[in-house]
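S.K.: This is model-v5.cif (mmCIF, C-alpha atoms).
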```cif
data_work
#
loop_
_atom_site.label_atom_id
_atom_site.label_comp_id
_atom_site.auth_asym_id
_atom_site.auth_seq_id
_atom_site.Cartn_x
_atom_site.Cartn_y
_atom_site.Cartn_z
CA MET A 471 106.42 134.78 43.40
CA THR A 472 108.75 135.51 46.31
CA SER A 473 110.22 132.01 45.99
CA ALA A 474 110.88 132.54 42.26
CA GLN A 475 112.59 135.86 43.02
CA LEU A 476 114.64 134.26 45.80
CA THR A 477 115.92 131.33 43.77
CA ALA A 478 116.71 133.46 40.72
CA SER A 479 118.53 135.99 42.89
CA PHE A 480 120.51 133.23 44.58
CA ALA A 481 122.40 132.97 41.29
CA THR A 482 122.65 136.63 40.26
CA GLN A 483 123.39 138.00 43.73
CA GLY A 484 125.65 135.01 44.35
CA LEU A 485 128.18 136.50 41.94
CA GLY A 486 129.25 138.89 44.68
CA ALA A 487 129.67 135.97 47.07
CA LEU A 488 131.95 134.28 44.51
CA SER A 489 134.00 137.39 43.77
CA GLY A 490 136.89 136.29 45.97
CA ALA A 491 137.00 132.77 44.55
CA MET A 492 136.81 133.97 40.94
CA HIS A 493 139.36 136.72 41.61
CA ASP A 494 141.86 134.17 42.85
CA ALA A 495 141.04 131.42 40.33
CA PHE A 496 141.49 133.62 37.26
CA ALA A 497 143.84 136.32 38.69
CA LEU A 498 141.26 139.01 37.91
CA SER A 499 141.55 142.75 38.33
CA GLY A 500 138.85 144.72 40.09
CA ALA A 501 137.28 145.54 36.72
CA GLY A 502 137.40 141.85 35.78
CA VAL A 503 135.46 140.94 38.90
CA GLY A 504 132.84 143.54 38.05
CA LEU A 505 132.45 142.10 34.54
CA MET A 506 130.66 139.06 35.98
CA VAL A 507 127.82 141.31 37.11
CA THR A 508 127.99 143.13 33.77
CA ALA A 509 127.66 139.85 31.87
CA VAL A 510 124.52 138.70 33.66
CA GLY A 511 123.04 142.21 33.56
CA LEU A 512 123.71 142.94 29.88
CA ALA A 513 121.03 140.74 28.31
CA PRO A 514 118.10 142.27 30.26
CA VAL A 515 118.87 145.66 28.69
CA PHE A 516 117.54 144.20 25.45
CA SER A 517 115.14 141.55 26.76
CA LEU A 518 113.31 143.07 29.75
CA PHE A 519 110.77 145.07 27.75
CA ALA A 520 110.09 142.08 25.49
CA MET A 521 109.61 139.86 28.54
CA GLY A 522 107.25 142.43 30.03
CA HIS A 523 105.29 142.34 26.79
CA LEU A 524 105.08 138.53 26.98
CA VAL A 525 103.90 138.75 30.59
CA ASP A 526 101.17 141.24 29.64
CA ARG A 527 100.05 139.02 26.76
CA HIS A 528 100.41 135.50 28.18
CA GLY A 529 100.51 135.83 31.96
CA GLU A 530 103.22 135.26 34.50
CA ARG A 531 103.18 131.53 35.13
CA TRP A 532 104.81 129.98 32.09
CA VAL A 533 106.93 132.98 31.11
CA VAL A 534 108.68 132.97 34.49
CA ALA A 535 108.96 129.17 34.50
CA ALA A 536 110.57 129.20 31.05
CA GLY A 537 113.02 131.86 32.21
CA SER A 538 114.01 129.67 35.15
CA LEU A 539 114.81 126.82 32.75
CA VAL A 540 117.03 129.11 30.69
CA MET A 541 118.85 130.17 33.86
CA THR A 542 119.28 126.55 34.92
CA ALA A 543 120.82 125.48 31.63
CA SER A 544 123.19 128.44 31.40
CA LEU A 545 124.36 128.18 35.02
CA ALA A 546 124.97 124.45 34.56
CA ALA A 547 127.06 125.32 31.49
CA THR A 548 128.94 127.91 33.57
CA SER A 549 129.97 125.20 36.03
CA MET A 550 131.70 123.37 33.15
CA ALA A 551 133.26 126.45 31.51
CA PRO A 552 136.94 125.97 30.55
CA GLY A 553 137.86 129.64 30.93
CA TYR A 554 136.71 133.03 32.15
CA ALA A 555 135.51 134.20 28.72
CA VAL A 556 133.14 131.22 28.56
CA VAL A 557 131.96 132.01 32.11
CA LEU A 558 131.00 135.49 30.96
CA ALA A 559 129.19 134.17 27.88
CA CYS A 560 127.15 131.70 29.96
CA LEU A 561 126.26 134.39 32.48
CA PHE A 562 124.98 136.55 29.62
CA VAL A 563 122.52 133.79 28.68
CA ALA A 564 121.53 133.44 32.34
CA GLY A 565 120.59 137.12 32.28
CA ILE A 566 118.04 136.42 29.53
CA GLY A 567 116.30 133.94 31.79
CA TYR A 568 116.49 136.24 34.79
CA SER A 569 114.77 139.05 32.87
CA THR A 570 111.44 137.19 33.09
CA VAL A 571 111.31 137.34 36.88
CA GLN A 572 111.07 141.09 37.46
CA PRO A 573 108.19 142.09 35.17
CA GLY A 574 106.44 138.80 35.92
CA GLY A 575 106.62 139.34 39.66
CA SER A 576 105.53 142.96 39.51
CA LYS A 577 102.57 142.09 37.29
CA SER A 578 101.46 139.28 39.60
CA VAL A 579 101.58 141.53 42.69
CA SER A 580 99.72 144.36 40.96
CA SER A 581 97.07 141.86 39.84
CA TRP A 582 96.52 140.33 43.27
CA PHE A 583 96.74 143.44 45.49
CA PRO A 584 95.00 146.86 45.39
CA SER A 585 97.11 150.02 45.51
CA GLY A 586 96.74 150.59 49.25
CA ARG A 587 98.30 147.20 50.02
CA ARG A 588 100.60 146.97 47.04
CA GLY A 589 103.68 148.48 48.68
CA VAL A 590 104.02 145.83 51.39
CA ALA A 591 103.16 143.04 48.95
CA MET A 592 105.77 144.32 46.51
CA GLY A 593 108.27 144.72 49.33
CA VAL A 594 107.76 141.13 50.48
CA ARG A 595 108.13 139.86 46.92
CA GLN A 596 111.21 141.98 46.32
CA ALA A 597 112.67 140.82 49.64
CA GLY A 598 113.31 137.58 47.80
CA LEU A 599 116.28 139.24 46.08
CA PRO A 600 118.33 140.08 49.19
CA ILE A 601 117.17 136.85 50.88
CA GLY A 602 118.59 134.98 47.92
CA GLY A 603 121.72 137.09 48.12
CA ALA A 604 122.09 136.42 51.85
CA ALA A 605 121.65 132.68 51.31
CA ALA A 606 124.22 132.76 48.51
CA ALA A 607 126.68 134.69 50.68
CA ALA A 608 126.23 132.14 53.46
CA VAL A 609 126.57 129.06 51.25
CA LEU A 610 128.54 129.69 48.06
CA PRO A 611 131.91 130.89 49.47
CA ALA A 612 132.14 127.73 51.58
CA VAL A 613 131.21 125.54 48.61
CA ALA A 614 133.77 127.31 46.41
CA HIS A 615 136.47 126.99 49.07
CA THR A 616 135.78 123.29 49.64
CA LEU A 617 134.81 121.98 46.20
CA GLY A 618 135.77 124.76 43.79
CA TRP A 619 133.93 127.53 41.98
CA GLN A 620 132.53 125.04 39.46
CA ALA A 621 130.59 123.26 42.22
CA ALA A 622 129.26 126.61 43.46
CA PHE A 623 127.75 127.36 40.04
CA ALA A 624 126.27 123.86 39.92
CA VAL A 625 124.51 124.67 43.19
CA THR A 626 123.08 127.89 41.71
CA ALA A 627 121.75 125.91 38.72
CA THR A 628 120.00 123.46 41.02
CA VAL A 629 118.41 126.25 43.03
CA ALA A 630 117.19 128.04 39.87
CA LEU A 631 115.59 124.83 38.62
CA ALA A 632 113.82 124.25 41.93
CA GLY A 633 112.43 127.79 41.92
CA GLY A 634 111.05 127.48 38.39
CA VAL A 635 109.36 124.14 39.11
CA VAL A 636 107.78 125.41 42.34
CA PHE A 637 106.47 128.55 40.66
CA ALA A 638 105.00 126.67 37.70
CA LEU A 639 103.20 124.25 40.00
CA ALA A 640 102.04 126.70 42.67
CA TYR A 641 101.19 130.02 40.99
CA ARG A 642 97.66 130.81 39.82
CA PRO A 643 96.27 134.09 38.40
CA PRO A 644 93.77 135.99 40.59
CA PRO A 645 90.32 134.42 40.40
CA ASP A 646 88.25 137.62 40.53
CA GLY A 647 89.28 139.17 37.26
CA ARG A 648 91.50 141.94 38.62
CA GLN A 649 93.78 141.52 35.63
CA ALA A 650 92.74 144.00 32.98
CA PRO A 651 91.82 142.81 29.48
CA GLN A 652 94.75 143.10 27.13
CA PRO A 653 94.76 145.04 23.87
CA PRO A 654 95.42 143.17 20.63
CA PRO A 655 99.10 142.38 20.01
CA ASP A 656 101.03 145.05 18.13
CA ARG A 657 104.45 143.96 16.87
CA ALA A 658 105.44 147.47 15.93
CA ARG A 659 104.75 148.55 19.51
CA LEU A 660 107.14 145.88 20.74
CA LEU A 661 109.92 147.64 18.82
CA THR A 662 108.98 151.26 19.52
CA GLY A 663 107.36 150.69 22.93
CA PRO A 664 110.48 150.96 25.11
CA VAL A 665 111.34 154.45 23.85
CA ARG A 666 107.70 155.55 24.04
CA THR A 667 107.36 154.23 27.59
CA LEU A 668 110.61 155.75 28.84
CA ARG A 669 109.63 159.17 27.43
CA GLN A 670 106.46 159.40 29.52
CA PRO A 671 106.60 162.25 32.09
CA TRP A 672 105.73 159.91 34.97
CA MET A 673 108.73 157.74 34.06
CA ARG A 674 111.40 160.44 34.50
CA PRO A 675 111.66 160.45 38.33
CA ILE A 676 111.54 156.65 38.22
CA LEU A 677 114.66 156.62 36.06
CA TRP A 678 116.48 159.34 38.03
CA SER A 679 116.01 157.35 41.22
CA GLY A 680 116.32 153.79 39.97
CA MET A 681 119.49 153.95 37.92
CA PRO A 682 121.89 155.40 40.53
CA LEU A 683 120.48 153.22 43.30
CA VAL A 684 120.64 149.98 41.38
CA GLY A 685 124.16 150.84 40.22
CA THR A 686 125.20 151.41 43.82
CA GLN A 687 123.48 148.21 44.94
CA PHE A 688 125.22 145.96 42.43
CA ALA A 689 128.60 147.69 42.72
CA VAL A 690 128.63 147.30 46.50
CA THR A 691 127.44 143.69 46.27
CA ALA A 692 130.14 142.82 43.73
CA HIS A 693 133.04 144.45 45.58
CA LEU A 694 132.20 144.33 49.29
CA MET A 695 134.19 141.17 50.06
CA LEU A 696 137.29 142.45 48.28
CA PHE A 697 136.83 145.89 49.88
CA ALA A 698 136.78 144.30 53.33
CA ARG A 699 139.93 142.33 52.52
CA ASP A 700 141.89 145.17 50.92
CA HIS A 701 140.85 148.10 53.13
CA PHE A 702 140.14 146.49 56.50
CA HIS A 703 142.49 143.49 56.10
CA ARG A 704 139.66 141.08 56.86
CA PRO A 705 139.73 137.51 55.53
CA LEU A 706 137.28 136.56 52.79
CA ALA A 707 135.26 134.55 55.32
CA GLU A 708 134.54 137.74 57.28
CA GLY A 709 133.82 139.54 54.02
CA ALA A 710 131.20 136.88 53.30
CA VAL A 711 129.65 137.60 56.70
CA LEU A 712 129.48 141.30 55.82
CA LEU A 713 127.89 140.48 52.47
CA THR A 714 125.29 138.36 54.25
CA LEU A 715 124.58 141.23 56.67
CA LEU A 716 124.27 143.65 53.74
CA GLN A 717 121.58 141.44 52.24
CA ILE A 718 119.82 140.97 55.59
CA GLY A 719 119.66 144.75 55.92
CA GLY A 720 118.21 144.82 52.40
CA VAL A 721 115.51 142.28 53.31
CA THR A 722 114.48 144.41 56.28
CA GLY A 723 114.53 147.59 54.22
CA ARG A 724 112.44 146.19 51.38
CA VAL A 725 109.62 145.26 53.70
CA ALA A 726 109.90 148.20 56.13
CA LEU A 727 110.21 150.94 53.50
CA ALA A 728 107.39 149.42 51.46
CA TYR A 729 105.21 149.32 54.60
CA VAL A 730 105.94 152.99 55.24
CA SER A 731 105.12 153.84 51.63
CA ASP A 732 101.67 152.23 52.09
CA ARG A 733 100.95 154.10 55.32
CA THR A 734 102.15 157.62 54.51
CA ARG A 735 100.42 160.18 52.30
CA ARG A 736 103.78 161.15 50.87
CA SER A 737 104.78 159.84 47.46
CA ARG A 738 106.50 156.47 47.38
CA LEU A 739 109.32 158.23 45.54
CA SER A 740 109.89 160.43 48.60
CA ILE A 741 110.75 157.26 50.52
CA VAL A 742 113.09 156.22 47.70
CA ARG A 743 114.84 159.60 47.76
CA ILE A 744 115.49 159.27 51.48
CA GLY A 745 117.16 155.96 50.67
CA MET A 746 119.30 157.69 48.06
CA VAL A 747 120.60 160.27 50.52
CA CYS A 748 121.31 157.72 53.26
CA SER A 749 123.05 155.37 50.83
CA ALA A 750 125.29 158.17 49.58
CA LEU A 751 126.26 159.20 53.12
CA LEU A 752 127.23 155.66 54.02
CA LEU A 753 129.31 155.33 50.84
CA VAL A 754 131.17 158.46 51.93
CA LEU A 755 131.71 157.05 55.42
CA LEU A 756 132.93 153.51 54.71
CA PRO A 757 136.26 154.21 52.96
CA VAL A 758 137.34 156.75 55.61
CA LEU A 759 136.88 154.31 58.49
CA PRO A 760 140.29 153.23 59.83
CA ALA A 761 141.62 149.79 58.99
CA ARG A 762 141.36 148.79 62.66
CA THR A 763 137.64 149.52 62.85
CA PRO A 764 136.00 146.93 65.15
CA PHE A 765 134.12 144.30 63.22
CA GLY A 766 130.90 145.03 65.13
CA LEU A 767 130.89 148.67 64.00
CA LEU A 768 131.70 147.65 60.44
CA ALA A 769 128.87 145.11 60.53
CA ALA A 770 126.39 147.69 61.82
CA ALA A 771 127.33 150.16 59.06
CA THR A 772 126.94 147.39 56.47
CA VAL A 773 123.45 146.48 57.70
CA VAL A 774 122.33 150.12 57.52
CA LEU A 775 123.83 150.45 54.04
CA GLY A 776 121.89 147.37 52.93
CA PHE A 777 118.68 148.73 54.49
CA PHE A 778 118.74 151.79 52.23
CA ALA A 779 120.88 150.78 49.22
CA ILE A 780 118.87 147.57 48.67
CA GLY A 781 115.64 148.30 50.56
CA TRP A 782 114.53 151.08 48.20
CA TYR A 783 113.34 148.61 45.57
CA GLY A 784 109.96 147.71 47.10
CA PRO A 785 108.43 151.21 47.09
CA TRP A 786 110.12 151.98 43.77
CA VAL A 787 108.50 149.05 41.96
CA ALA A 788 105.17 149.71 43.70
CA HIS A 789 105.30 153.28 42.38
CA ILE A 790 105.71 151.95 38.83
CA ALA A 791 102.61 149.78 39.27
CA ASP A 792 100.70 152.83 40.57
CA ALA A 793 101.87 155.18 37.82
CA ALA A 794 101.64 152.91 34.76
CA PRO A 795 98.45 152.18 32.80
CA THR A 796 96.75 149.04 34.07
CA HIS A 797 97.15 147.16 30.79
CA GLY A 798 100.85 148.08 30.52
CA ILE A 799 102.31 147.39 33.96
CA GLY A 800 104.50 144.59 32.66
CA ARG A 801 105.88 146.74 29.84
CA ALA A 802 106.40 149.74 32.12
CA THR A 803 108.23 147.62 34.67
CA GLY A 804 110.28 145.97 31.96
CA GLY A 805 111.18 149.33 30.40
CA ALA A 806 112.24 150.89 33.70
CA MET A 807 114.24 147.83 34.67
CA ALA A 808 115.87 147.67 31.25
CA ALA A 809 117.07 151.25 31.81
CA ASN A 810 118.30 150.21 35.27
CA GLN A 811 120.35 147.47 33.66
CA ILE A 812 122.55 150.10 32.06
CA ALA A 813 123.67 151.03 35.56
CA VAL A 814 123.89 147.37 36.58
CA ILE A 815 126.30 146.53 33.76
CA ALA A 816 128.33 149.74 34.04
CA ALA A 817 128.75 150.33 37.77
CA PRO A 818 130.58 147.18 38.99
CA PRO A 819 133.41 147.22 36.39
CA LEU A 820 133.72 151.01 36.57
CA LEU A 821 134.04 150.89 40.34
CA GLY A 822 136.68 148.18 39.94
CA LEU A 823 138.47 150.28 37.33
CA LEU A 824 138.49 153.28 39.69
CA ARG A 825 139.91 151.05 42.41
CA ASP A 826 142.57 149.66 40.07
CA SER A 827 143.65 153.07 38.77
CA SER A 828 143.63 154.95 42.09
CA GLY A 829 144.83 152.15 44.36
CA SER A 830 142.14 153.11 46.87
CA TYR A 831 138.44 152.68 47.44
CA LEU A 832 138.00 156.33 48.44
CA ILE A 833 137.32 157.61 44.92
CA ALA A 834 135.57 154.36 43.97
CA TRP A 835 132.91 154.88 46.68
CA TRP A 836 132.72 158.69 46.65
CA ILE A 837 131.97 159.13 42.94
CA PRO A 838 128.79 156.99 43.02
CA ALA A 839 127.84 158.75 46.27
CA ALA A 840 128.04 162.14 44.54
CA ILE A 841 126.06 160.87 41.54
CA THR A 842 123.36 159.44 43.82
CA LEU A 843 122.98 162.73 45.71
CA ALA A 844 122.70 164.70 42.47
CA CYS A 845 120.08 162.31 41.10
CA ALA A 846 118.08 162.53 44.35
CA VAL A 847 117.47 166.18 43.52
CA LYS A 848 116.36 165.34 39.98
CA ALA A 849 114.05 162.55 41.19
CA ALA A 850 111.66 164.87 43.04
CA PRO A 851 108.16 163.45 42.39
CA PRO A 852 105.94 165.77 40.36
CA GLY A 853 102.62 167.02 41.69
CA ARG A 854 100.91 166.37 45.00
CA PRO A 855 101.16 163.14 46.99
CA ARG A 856 98.80 160.51 45.67
CA PRO A 857 95.67 159.74 47.71
CA ARG A 858 95.42 156.51 49.69
#
```
Turn the structure described in the file into structure tokens.

M.R.:
Amino acid sequence: MTSAQLTASFATQGLGALSGAMHDAFALSGAGVGLMVTAVGLAPVFSLFAMGHLVDRHGERWVVAAGSLVMTASLAATSMAPGYAVVLACLFVAGIGYSTVQPGGSKSVSSWFPSGRRGVAMGVRQAGLPIGGAAAAAVLPAVAHTLGWQAAFAVTATVALAGGVVFALAYRPPPDGRQAPQPPPDRARLLTGPVRTLRQPWMRPILWSGMPLVGTQFAVTAHLMLFARDHFHRPLAEGAVLLTLLQIGGVTGRVALAYVSDRTRRSRLSIVRIGMVCSALLLVLLPVLPARTPFGLLAAATVVLGFFAIGWYGPWVAHIADAAPTHGIGRATGGAMAANQIAVIAAPPLLGLLRDSSGSYLIAWWIPAAITLACAVKAAPPGRPRPR
């Protein structure tokens, strides 16, 4: 499942790595750059819960494999797009395919691992996202510079296809029956289920923590290279290095924070809230650093930002698997992630719009920092820490 997450994320997280190339190729504004992330994130708002339902009913293997094929076809079409509007349309279709990976992966981990080991397992699986992002940041800017942005999207299509084939051939459901029996299908529930799931009391702190953090994560990923060029006067090649370091910090955070969430008696959401506070503080710090900041210091701050702003996801998803009913983990994960997609599609273009209108990244970074701090207060986990 980690390989499927990695290859799918190579494409979606690779959009940040291609921000400079697309900005220059189509003369985009900051908001225009952010729209690429919005396009690929828009479809899951409507499809994630349905994909979670399919995973609960039919299992992970073929649902995820089919999603990989959809991603492959749409990314291949993106590489042949005649204009930016067609690029956005193709990325929207790619988002439909990508929406199978998250609920499918969470369901497979919850099926194979008991609660006491689920955090690390989920963290390792979710580490595939920043690993894919780091690989994309290391590879795609060079491909775009040498062969053009079209070739870079062709590479992402090839990687998505490889991931789907490997997953379909290698994955098997747990042999000991840990997957709970499923209730009969209910089509009406498929329509009303998302609202019903999101209104559950245990879902509220999940939403208060997930939406601001995922918005921060995707906004920073989409704009980091341009931020390094505009604010610190660094070439795009150095911005790509920073983006790679951001993702490496995220890989470390996803495993380390998930490990801590398995070993402490505190709620997993307490670990997530610590990540919210640290992410907000770093967003406040970055735009006030002087333009002549040494690259080593800038790199260190970027790694720490990635550790918290991307690393939170492992314990967050593990908490969903703990809190949701056993027969509805896929739907619960899909519902929470569909809500997160609202932040994914809104944050990158809004941050770009703030940058365009103010002429500075100060307001663009500080506003999401303030929102994240406020939501950290609202995301306090209810009740006592869960037993281990």

S.K.: Leaving out range 557-561 of chain A and any residue of its chain fewer than 5 positions from it, which residues lie within 6 Å of it when counting only C-alpha atoms, given as an mmCIF file with C-alpha atoms, in the frame of the given file?

M.R.:
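What follows is the written file selection.cif:
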```cif
data_model
loop_
_atom_site.group_PDB
_atom_site.id
_atom_site.type_symbol
_atom_site.label_atom_id
_atom_site.label_comp_id
_atom_site.auth_asym_id
_atom_site.auth_seq_id
_atom_site.Cartn_x
_atom_site.Cartn_y
_atom_site.Cartn_z
ATOM 1 C CA ALA A 509 127.660 139.850 31.870
ATOM 2 C CA VAL A 510 124.520 138.700 33.660
ATOM 3 C CA SER A 544 123.190 128.440 31.400
ATOM 4 C CA THR A 548 128.940 127.910 33.570
ATOM 5 C CA ALA A 551 133.260 126.450 31.510
#
```

S.K.: I would like the residues chosen by the PyMOL selection byres ((chain A and resi 635) around 12) on the shown file; could you give them as an MDAnalysis selection string?

M.R.: chainID A and resid 471 473:474 477:478 531:532 534:539 542 628:634 636:641

S.K.: Exactly which residues make up the result of the PyMOL selection byres ((chain A and resi 825) around 12) on this file, given as a ChimeraX atom specification?

M.R.: /A:499-504,689,693,696-697,700-701,757,818-824,826-837

S.K.: Go through A:Ser679, A:Thr691, A:Ser749, A:Gln811 and flag the residue nearest Val787 in chain A, using all atoms listed in the file for the distances.

M.R.: A:Ser679

S.K.: Tell me, as a short mmCIF file (atom, residue, chain, number, x, y, z; two decimals) with C-alpha atoms, in the frame of the given file, which residues lie within 10 Å of Val774 in chain A, counting only C-alpha atoms; anything in the same chain fewer than 5 positions away does not count.

M.R.:
```cif
data_model
loop_
_atom_site.label_atom_id
_atom_site.label_comp_id
_atom_site.auth_asym_id
_atom_site.auth_seq_id
_atom_site.Cartn_x
_atom_site.Cartn_y
_atom_site.Cartn_z
CA LEU A 715 124.58 141.23 56.67
CA LEU A 716 124.27 143.65 53.74
CA ILE A 718 119.82 140.97 55.59
CA GLY A 719 119.66 144.75 55.92
CA GLY A 720 118.21 144.82 52.40
CA THR A 722 114.48 144.41 56.28
CA GLY A 723 114.53 147.59 54.22
CA CYS A 748 121.31 157.72 53.26
CA SER A 749 123.05 155.37 50.83
CA LEU A 752 127.23 155.66 54.02
CA ALA A 769 128.87 145.11 60.53
CA ALA A 779 120.88 150.78 49.22
CA ILE A 780 118.87 147.57 48.67
CA GLY A 781 115.64 148.30 50.56
#
```

S.K.: Expressed in Å to a single decimal, how great is the separation between CA of Val533 in chain A and CA of Gly805 in chain A?

M.R.: 16.9 Å

S.K.: Out of A:Thr772, A:Thr508, A:Thr482, A:Thr616, which residue has the shortest atom-to-atom distance to Ile812 in chain A when counting only C-alpha atoms?

M.R.: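 Smallest distance to Ile812 in chain A is found for A:Thr508.
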
S.K.: Could you check which of A:Ala513, A:Leu751, A:Ala849, A:Leu524 is closest to Ile566 in chain A, using all atoms listed in the file?

M.R.: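 That would be A:Ala513, the residue with the smallest distance to Ile566 in chain A.
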
S.K.: Report the residues retrieved by the PyMOL selection byres ((chain A and resi 601) around 10) from the displayed file, expressed as a list in words.

M.R.: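 Selection result, ordered by chain and number: Thr472, Ser473, Gln475, Leu476, Thr477, Ser479, Phe480, Gln483, Gln596, Ala597, Gly598, Leu599, Pro600, Gly602, Gly603, Ala604, Ala605, Ala606, Ala607, Thr714, Gln717, Ile718, Gly719, Gly720, Val721 and Thr722 of chain A.
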
S.K.: Please produce a file of the residues just selected, as a PDB file, in the coordinates of the input, where the atoms kept are C-alpha atoms.

M.R.:
```pdb
ATOM      1  CA  THR A 472     108.750 135.510  46.310  1.00  0.00           C
ATOM      2  CA  SER A 473     110.220 132.010  45.990  1.00  0.00           C
ATOM      3  CA  GLN A 475     112.590 135.860  43.020  1.00  0.00           C
ATOM      4  CA  LEU A 476     114.640 134.260  45.800  1.00  0.00           C
ATOM      5  CA  THR A 477     115.920 131.330  43.770  1.00  0.00           C
ATOM      6  CA  SER A 479     118.530 135.990  42.890  1.00  0.00           C
ATOM      7  CA  PHE A 480     120.510 133.230  44.580  1.00  0.00           C
ATOM      8  CA  GLN A 483     123.390 138.000  43.730  1.00  0.00           C
ATOM      9  CA  GLN A 596     111.210 141.980  46.320  1.00  0.00           C
ATOM     10  CA  ALA A 597     112.670 140.820  49.640  1.00  0.00           C
ATOM     11  CA  GLY A 598     113.310 137.580  47.800  1.00  0.00           C
ATOM     12  CA  LEU A 599     116.280 139.240  46.080  1.00  0.00           C
ATOM     13  CA  PRO A 600     118.330 140.080  49.190  1.00  0.00           C
ATOM     14  CA  GLY A 602     118.590 134.980  47.920  1.00  0.00           C
ATOM     15  CA  GLY A 603     121.720 137.090  48.120  1.00  0.00           C
ATOM     16  CA  ALA A 604     122.090 136.420  51.850  1.00  0.00           C
ATOM     17  CA  ALA A 605     121.650 132.680  51.310  1.00  0.00           C
ATOM     18  CA  ALA A 606     124.220 132.760  48.510  1.00  0.00           C
ATOM     19  CA  ALA A 607     126.680 134.690  50.680  1.00  0.00           C
ATOM     20  CA  THR A 714     125.290 138.360  54.250  1.00  0.00           C
ATOM     21  CA  GLN A 717     121.580 141.440  52.240  1.00  0.00           C
ATOM     22  CA  ILE A 718     119.820 140.970  55.590  1.00  0.00           C
ATOM     23  CA  GLY A 719     119.660 144.750  55.920  1.00  0.00           C
ATOM     24  CA  GLY A 720     118.210 144.820  52.400  1.00  0.00           C
ATOM     25  CA  VAL A 721     115.510 142.280  53.310  1.00  0.00           C
ATOM     26  CA  THR A 722     114.480 144.410  56.280  1.00  0.00           C
TER      27      THR A 722
END
```

S.K.: Tell me which of A:Ala770, A:Leu505, A:Met550, A:Ala802 sits closest to Trp619 in chain A, counting only C-alpha atoms.

M.R.: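 Closest candidate: A:Met550.
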
S.K.: Compute the distance from (122.5, 162.2, 45.0) to each atom, counting all atoms listed in the file, keep the residues with any atom at most 12 Å away, and return them as a count of residues only; use the coordinates of the file.

M.R.: 34

S.K.: Measure the distance from CA of Leu712 in chain A to CA of Ala817 in chain A in Å and round it to one decimal.

M.R.: 20.2 Å

S.K.: Between A:Ala481, A:Leu739, A:Gly784, A:Ala794, which residue has the minimum interatomic distance to Leu668 in chain A, considering all atoms listed in the file?

M.R.: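 Ranking A:Ala481, A:Leu739, A:Gly784, A:Ala794 by distance to Leu668 in chain A, first place goes to A:Ala794.
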
S.K.: Tell me which of A:Leu775, A:Val725, A:Ala698, A:Leu706 sits closest to Pro760 in chain A, counting only C-alpha atoms.

M.R.: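 When distances to Pro760 in chain A are compared using only C-alpha atoms, the smallest one comes from A:Ala698.
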
S.K.: Using Å and a single decimal, report how far CA of Val507 in chain A sits from CA of Ala546 in chain A.

M.R.: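 Those two atoms sit 17.3 Å apart.
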